[in-house]
Every structure is written in C-alpha cells, then in structure tokens.
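Enquirer: my_file_13.cif is reproduced below (mmCIF, C-alpha atoms and all ligand atoms).
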```cif
data_entry
loop_
_atom_site.label_atom_id
_atom_site.label_comp_id
_atom_site.auth_asym_id
_atom_site.auth_seq_id
_atom_site.Cartn_x
_atom_site.Cartn_y
_atom_site.Cartn_z
CA MET A 1 -97.17 109.24 -245.90
CA PHE A 2 -100.30 110.39 -244.13
CA VAL A 3 -102.68 112.41 -246.31
CA LEU A 4 -105.27 114.17 -244.15
CA VAL A 5 -108.01 115.94 -246.11
CA ASN A 6 -109.71 118.77 -244.20
CA LEU A 7 -113.10 119.60 -245.73
CA LYS A 8 -113.35 122.85 -243.72
CA THR A 9 -116.80 124.29 -244.56
CA TYR A 10 -116.39 123.88 -248.29
CA PRO A 11 -119.68 123.15 -250.08
CA CYS A 12 -118.67 119.65 -251.14
CA ASP A 13 -120.56 116.42 -250.52
CA PRO A 14 -118.73 115.05 -247.44
CA VAL A 15 -119.95 111.51 -247.98
CA ALA A 16 -118.84 111.49 -251.63
CA VAL A 17 -115.39 112.77 -250.69
CA ALA A 18 -115.18 110.25 -247.85
CA GLU A 19 -116.04 107.42 -250.23
CA ALA A 20 -113.26 108.63 -252.54
CA VAL A 21 -110.84 108.74 -249.58
CA ARG A 22 -111.86 105.21 -248.59
CA ASP A 23 -111.49 103.84 -252.11
CA VAL A 24 -108.14 105.50 -252.86
CA ASP A 25 -106.82 104.47 -249.43
CA GLU A 26 -107.40 100.86 -250.41
CA SER A 27 -105.24 101.27 -253.53
CA THR A 28 -102.13 102.81 -251.96
CA ASP A 29 -99.58 102.30 -249.21
CA ALA A 30 -100.26 105.85 -248.06
CA ARG A 31 -102.68 106.45 -245.19
CA LEU A 32 -105.66 108.63 -246.11
CA ALA A 33 -108.16 110.28 -243.77
CA VAL A 34 -110.86 112.93 -244.01
CA ALA A 35 -111.90 115.64 -241.53
CA PRO A 36 -115.48 116.82 -242.16
CA GLN A 37 -117.51 119.33 -240.20
CA ALA A 38 -118.62 118.02 -236.79
CA THR A 39 -122.20 117.62 -237.94
CA HIS A 40 -121.08 115.32 -240.76
CA LEU A 41 -118.81 113.05 -238.70
CA GLU A 42 -121.22 110.18 -238.27
CA ARG A 43 -122.27 109.97 -241.94
CA VAL A 44 -118.64 110.22 -243.04
CA ALA A 45 -117.45 107.57 -240.59
CA GLU A 46 -120.18 105.21 -241.82
CA THR A 47 -118.48 105.17 -245.26
CA GLY A 48 -115.53 103.34 -243.73
CA ALA A 49 -113.09 106.20 -244.43
CA GLU A 50 -110.73 107.09 -241.61
CA THR A 51 -112.52 110.04 -240.05
CA TRP A 52 -111.09 112.95 -238.10
CA ALA A 53 -112.68 115.90 -236.33
CA GLN A 54 -111.59 119.42 -237.22
CA HIS A 55 -111.54 120.50 -233.57
CA VAL A 56 -112.41 119.50 -230.01
CA ASP A 57 -112.59 121.75 -226.99
CA SER A 58 -110.71 121.62 -223.71
CA ILE A 59 -113.76 120.43 -221.78
CA ASP A 60 -115.20 117.41 -220.02
CA HIS A 61 -118.82 116.28 -219.74
CA GLY A 62 -120.83 118.95 -217.92
CA SER A 63 -122.04 122.50 -218.09
CA ASN A 64 -120.62 123.56 -221.44
CA THR A 65 -122.75 125.06 -224.21
CA GLY A 66 -121.90 125.26 -227.89
CA GLN A 67 -118.65 123.39 -227.49
CA THR A 68 -117.34 120.13 -228.91
CA LEU A 69 -116.67 117.26 -226.52
CA ALA A 70 -113.91 114.84 -227.51
CA GLU A 71 -115.95 111.82 -226.41
CA SER A 72 -118.82 112.92 -228.66
CA VAL A 73 -116.71 113.07 -231.79
CA ALA A 74 -115.24 109.67 -230.88
CA ASP A 75 -118.77 108.31 -230.44
CA ALA A 76 -119.59 109.69 -233.90
CA GLY A 77 -116.77 107.63 -235.37
CA ALA A 78 -113.79 109.99 -235.39
CA VAL A 79 -110.42 108.43 -234.59
CA GLY A 80 -108.45 111.68 -234.44
CA THR A 81 -108.74 115.43 -234.33
CA LEU A 82 -107.04 118.51 -235.64
CA LEU A 83 -106.35 121.15 -233.03
CA ASN A 84 -105.38 124.81 -233.31
CA HIS A 85 -105.92 124.98 -237.06
CA SER A 86 -105.01 128.38 -238.45
CA GLU A 87 -108.73 129.00 -238.96
CA ARG A 88 -109.57 127.81 -235.40
CA ARG A 89 -106.82 129.27 -233.26
CA LEU A 90 -106.63 128.42 -229.55
CA LYS A 91 -104.74 129.82 -226.58
CA LEU A 92 -101.79 127.71 -225.47
CA ALA A 93 -103.59 126.51 -222.33
CA ASP A 94 -106.60 125.50 -224.43
CA ILE A 95 -104.42 123.56 -226.88
CA ASP A 96 -102.92 121.73 -223.91
CA GLY A 97 -106.37 120.99 -222.49
CA ALA A 98 -107.71 119.89 -225.87
CA VAL A 99 -104.78 117.50 -226.40
CA GLN A 100 -105.55 115.99 -223.01
CA ALA A 101 -109.29 115.81 -223.78
CA ALA A 102 -108.58 114.09 -227.09
CA GLU A 103 -106.25 111.58 -225.46
CA ARG A 104 -108.86 110.90 -222.76
CA ALA A 105 -111.31 110.03 -225.56
CA GLY A 106 -108.78 107.90 -227.42
CA LEU A 107 -108.40 110.33 -230.32
CA GLU A 108 -105.15 110.78 -232.22
CA THR A 109 -104.03 114.42 -232.33
CA VAL A 110 -102.46 116.76 -234.89
CA VAL A 111 -101.73 120.23 -233.52
CA CYS A 112 -101.34 122.85 -236.24
CA ALA A 113 -98.99 125.81 -236.03
CA ASN A 114 -97.92 128.72 -238.22
CA ASN A 115 -94.16 128.39 -238.05
CA PRO A 116 -91.27 126.35 -236.62
CA ALA A 117 -91.18 128.23 -233.30
CA GLN A 118 -94.84 127.44 -232.69
CA ILE A 119 -94.22 123.85 -233.81
CA GLY A 120 -91.68 123.48 -231.00
CA ALA A 121 -94.21 124.77 -228.47
CA ALA A 122 -96.92 122.50 -229.89
CA ALA A 123 -94.65 119.46 -229.79
CA ALA A 124 -93.96 120.12 -226.11
CA LEU A 125 -97.65 119.51 -225.38
CA GLY A 126 -97.25 115.86 -226.39
CA PRO A 127 -99.58 115.43 -229.37
CA ASP A 128 -99.15 112.54 -231.77
CA ALA A 129 -98.21 114.96 -234.56
CA VAL A 130 -97.84 118.61 -235.42
CA ALA A 131 -98.56 120.29 -238.76
CA VAL A 132 -96.82 123.42 -239.96
CA GLU A 133 -98.96 125.63 -242.19
CA PRO A 134 -97.86 129.12 -243.22
CA PRO A 135 -101.21 130.96 -243.19
CA GLU A 136 -100.34 133.07 -246.23
CA LEU A 137 -100.15 129.93 -248.40
CA ILE A 138 -103.37 128.28 -247.23
CA GLY A 139 -105.87 127.97 -250.06
CA THR A 140 -103.54 129.50 -252.62
CA GLY A 141 -102.56 126.38 -254.55
CA THR A 142 -98.92 127.37 -253.98
CA PRO A 143 -97.48 124.37 -252.13
CA VAL A 144 -95.56 125.01 -248.92
CA SER A 145 -93.28 122.07 -249.72
CA GLN A 146 -92.05 123.78 -252.87
CA ALA A 147 -92.60 127.50 -252.13
CA ASP A 148 -91.17 127.53 -248.60
CA PRO A 149 -89.13 124.35 -248.04
CA ASP A 150 -87.12 125.92 -245.21
CA VAL A 151 -90.22 126.26 -243.05
CA VAL A 152 -90.88 122.53 -243.36
CA GLU A 153 -87.30 121.50 -242.62
CA ASP A 154 -87.11 123.94 -239.69
CA ALA A 155 -90.41 122.62 -238.34
CA VAL A 156 -89.08 119.05 -238.47
CA ASP A 157 -85.93 120.17 -236.62
CA ALA A 158 -87.97 122.08 -234.04
CA ALA A 159 -90.25 119.15 -233.29
CA GLN A 160 -87.42 116.61 -233.15
CA HIS A 161 -85.48 118.88 -230.79
CA VAL A 162 -88.41 118.75 -228.36
CA ASP A 163 -89.76 115.23 -228.82
CA ARG A 164 -88.62 112.78 -231.48
CA ASP A 165 -91.85 110.79 -231.09
CA VAL A 166 -93.96 113.66 -232.45
CA SER A 167 -94.53 113.30 -236.20
CA VAL A 168 -94.46 116.36 -238.44
CA LEU A 169 -96.91 117.09 -241.23
CA CYS A 170 -97.00 120.13 -243.45
CA GLY A 171 -99.84 121.85 -245.21
CA ALA A 172 -100.95 124.79 -247.36
CA GLY A 173 -101.34 124.68 -251.10
CA ILE A 174 -100.63 120.94 -251.42
CA SER A 175 -102.54 119.54 -254.40
CA THR A 176 -100.33 117.18 -256.43
CA GLY A 177 -98.27 114.07 -255.95
CA ASP A 178 -95.13 116.09 -256.61
CA ASP A 179 -96.06 118.37 -253.68
CA VAL A 180 -96.43 115.33 -251.42
CA VAL A 181 -93.12 113.86 -252.55
CA ALA A 182 -91.41 117.22 -251.93
CA ALA A 183 -92.92 117.27 -248.43
CA GLY A 184 -91.56 113.80 -247.73
CA ASP A 185 -88.11 114.76 -249.01
CA LEU A 186 -88.07 117.60 -246.45
CA GLY A 187 -88.75 115.19 -243.58
CA SER A 188 -92.50 115.56 -243.36
CA GLU A 189 -94.38 112.33 -242.54
CA GLY A 190 -97.59 113.56 -244.08
CA VAL A 191 -99.59 116.41 -245.54
CA LEU A 192 -102.65 118.33 -244.44
CA LEU A 193 -104.67 119.66 -247.34
CA ALA A 194 -108.12 120.96 -248.15
CA SER A 195 -108.96 122.87 -251.33
CA GLY A 196 -107.05 120.55 -253.68
CA VAL A 197 -109.59 117.83 -252.90
CA ALA A 198 -112.63 119.58 -251.41
CA LYS A 199 -112.90 121.97 -254.37
CA ALA A 200 -111.93 119.44 -257.04
CA ASP A 201 -114.50 118.54 -259.70
CA ASP A 202 -113.37 114.92 -259.29
CA PRO A 203 -112.10 114.25 -255.73
CA THR A 204 -111.18 110.68 -256.60
CA ALA A 205 -108.91 111.82 -259.43
CA ALA A 206 -107.38 114.49 -257.17
CA LEU A 207 -106.64 111.90 -254.47
CA GLU A 208 -105.23 109.43 -256.99
CA ASP A 209 -102.87 112.12 -258.26
CA LEU A 210 -101.76 112.90 -254.69
CA VAL A 211 -100.77 109.33 -253.89
CA GLU A 212 -99.66 108.18 -257.35
CA PRO A 213 -95.89 108.71 -256.75
CA LEU A 214 -95.92 107.24 -253.23
O1 LIG B 1 -106.31 122.16 -243.36
C1 LIG B 1 -105.80 122.37 -244.46
C2 LIG B 1 -104.94 123.49 -244.70
O2 LIG B 1 -105.39 124.69 -244.16
C3 LIG B 1 -104.50 123.63 -246.13
O3 LIG B 1 -105.54 124.13 -246.93
P1 LIG B 1 -105.29 124.16 -248.53
O4 LIG B 1 -104.91 122.76 -248.93
O5 LIG B 1 -106.62 124.57 -249.10
O6 LIG B 1 -104.21 125.14 -248.78
#
```
Represent the structure from my file as structure tokens, please.

Expert:
Amino acid sequence: MFVLVNLKTYPCDPVAVAEAVRDVDESTDARLAVAPQATHLERVAETGAETWAQHVDSIDHGSNTGQTLAESVADAGAVGTLLNHSERRLKLADIDGAVQAAERAGLETVVCANNPAQIGAAAALGPDAVAVEPPELIGTGTPVSQADPDVVEDAVDAAQHVDRDVSVLCGAGISTGDDVVAAGDLGSEGVLLASGVAKADDPTAALEDLVEPL
C-alpha cells in the first residue's frame, strides 16, 4: 500500500513529519511519502523521505508568474505530484497539461477527483494514479473506506474500465490502520491522507498505527 501524507498548509513542522515518514517507511513493507508546501520541498527532501509536490501548473519555462513549474519541484527533490486536489481544483485541460508537465519533469502523478465519474475522466489523461476523495469527508476523521465503501469500489471500476495501468488511491478521513486495510479490501492500492498525521501530537505514532496491520 502507498501512504501519501499531504501536509496541506497545516501548521506542523514539515521536516519533523518528513523524518517520521522516513523512519516509519524503513520499518514497513508499505510505501510512505510526504507532500509539503512548495516552499518546504527542498528541506523535506533533504530528510530522505519520499517527497511529493502538492501541485504543479500546466506550464513550461518562460513568461509565467506566480506559478509552479514541474522542473522546479523536481529540482527541489520531489519525485511526484498531486494534481487537481479538491482544495486546488483545475479545469480538465489544465489537468491534462499538468500531467504532461509532470511527466516531462520525470514526476509521478496522482490526479485527485471527487467521485467515480471524475475518476474515469482523470484516468483517461494517463496519470500514474488517481485518488478518489469525497469532499464532504475531507478533514472529518470519518474514513471514506468505511463510511462510503461504494465510492471506492466504483472508482476502482471506473479507472480499470479506462486504463488498467492507472492505480487507484482513496482519501478523506483516513487515520488508522483499520481504515487503510478497509481501503485495500475495496481495491485501493493506497491512501491519501492529511489531518490524521499533520495534526497529530505524535506523527510517528500516527504513522506507525497506519501501517501496523499492513
Ligand atoms: O490530501 C488529503 C485529503 O484531502 C484527505 O485529508 P484528511 O486526511 O484530512 O481527510
């Protein structure tokens, strides 16, 4: 299972969480990664934790201001990027362009979507993975894998119908090992989570709990 921890703009110490991700990753068969804010990428990558960007734009080098270039996040040490997160929505053409920009820079891609229909559209753009996240469950602590299992199974079906090479993750409210196991039982190859780790008093303990049953 892939456990991708999005730090969003939570007021946590990104380096401390990254060190916890690195250390717990070494103790489990699961794959752990962390997605800090763009300005923290370099410091986080220096910890040795697998580091992801939260977003890149559909741009190339040139006359762009206030945007995020895929090559720049790769230079900072990111190996992948989220795209179209529920809190960073993009138009379809911009998701397509951002997937291409990420691939040009050698970044792995996870395109987020609200529901199975959007997952099918996202999978058609050829990312490495898609992540279904019902927006109403994000940040609630109510896990999508247990509260809305149908949306995960339907997302897996939708992605496989379009492209069987596209992995499916799920996210929203995931915070325990049982939630991760439930996600796997529904066909998800990983989980995208944030508050369960970023807001935890002890991120290491939170991560250990997430991977303990795996
Ligand atoms: O990127 C992470 C997702 O939005 C899930 O957030 P959450 O784990 O706080 O519900």

Enquirer: Nearest residue to ligand LIG 1 (chain B) out of A:Cys112, A:Ala129, A:Ala117, A:Ala49, using only C-alpha atoms and all ligand atoms?

Expert: A:Cys112

Enquirer: By how many Å are CA of Thr81 (chain A) and CA of Val110 (chain A) apart?

Expert: 6.4 Å

Enquirer: Between A:Leu92, A:Ala35, A:Ala74, A:Gln146, which one has atoms that come closest to Ser58 (chain A), using only C-alpha atoms?

Expert: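 Closest residue, counting only C-alpha atoms: A:Leu92.
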
Enquirer: Grab me every residue within 10 Å of ligand LIG 1 (chain B), counting only C-alpha atoms and all ligand atoms, and send it over as number ranges by chain.

Expert: A: 4-8, 10, 35, 54, 82, 85-87, 112, 131-144, 170-175, 191-199

Enquirer: Using CA of Val168 (chain A) and CA of Gln67 (chain A) as the two end points, give the distance in Å to one decimal.

Expert: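 That distance, rounded to one decimal, is 27.5 Å.
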
Enquirer: Determine the nearest neighbour of Ala33 (chain A) from the options A:Gly62, A:Ala78, A:Gly97, A:Thr9, counting all atoms listed in the file.

Expert: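 Ranked by minimum distance to Ala33 (chain A), first place goes to A:Ala78.
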
Enquirer: Between A:Thr51, A:Ser145, A:Ser63, A:Asn84, which is the closest to Ala122 (chain A) once you count only C-alpha atoms?

Expert: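 Looking at the shortest contact to Ala122 (chain A), the residue is A:Asn84.
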
Enquirer: Under the rule that all atoms listed in the file are counted, which of A:Asp209, A:Asp128, A:Asp202, A:Glu153 is the nearest residue to Ala16 (chain A)?

Expert: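 Residue with the minimum atom-to-atom distance to Ala16 (chain A): A:Asp202.
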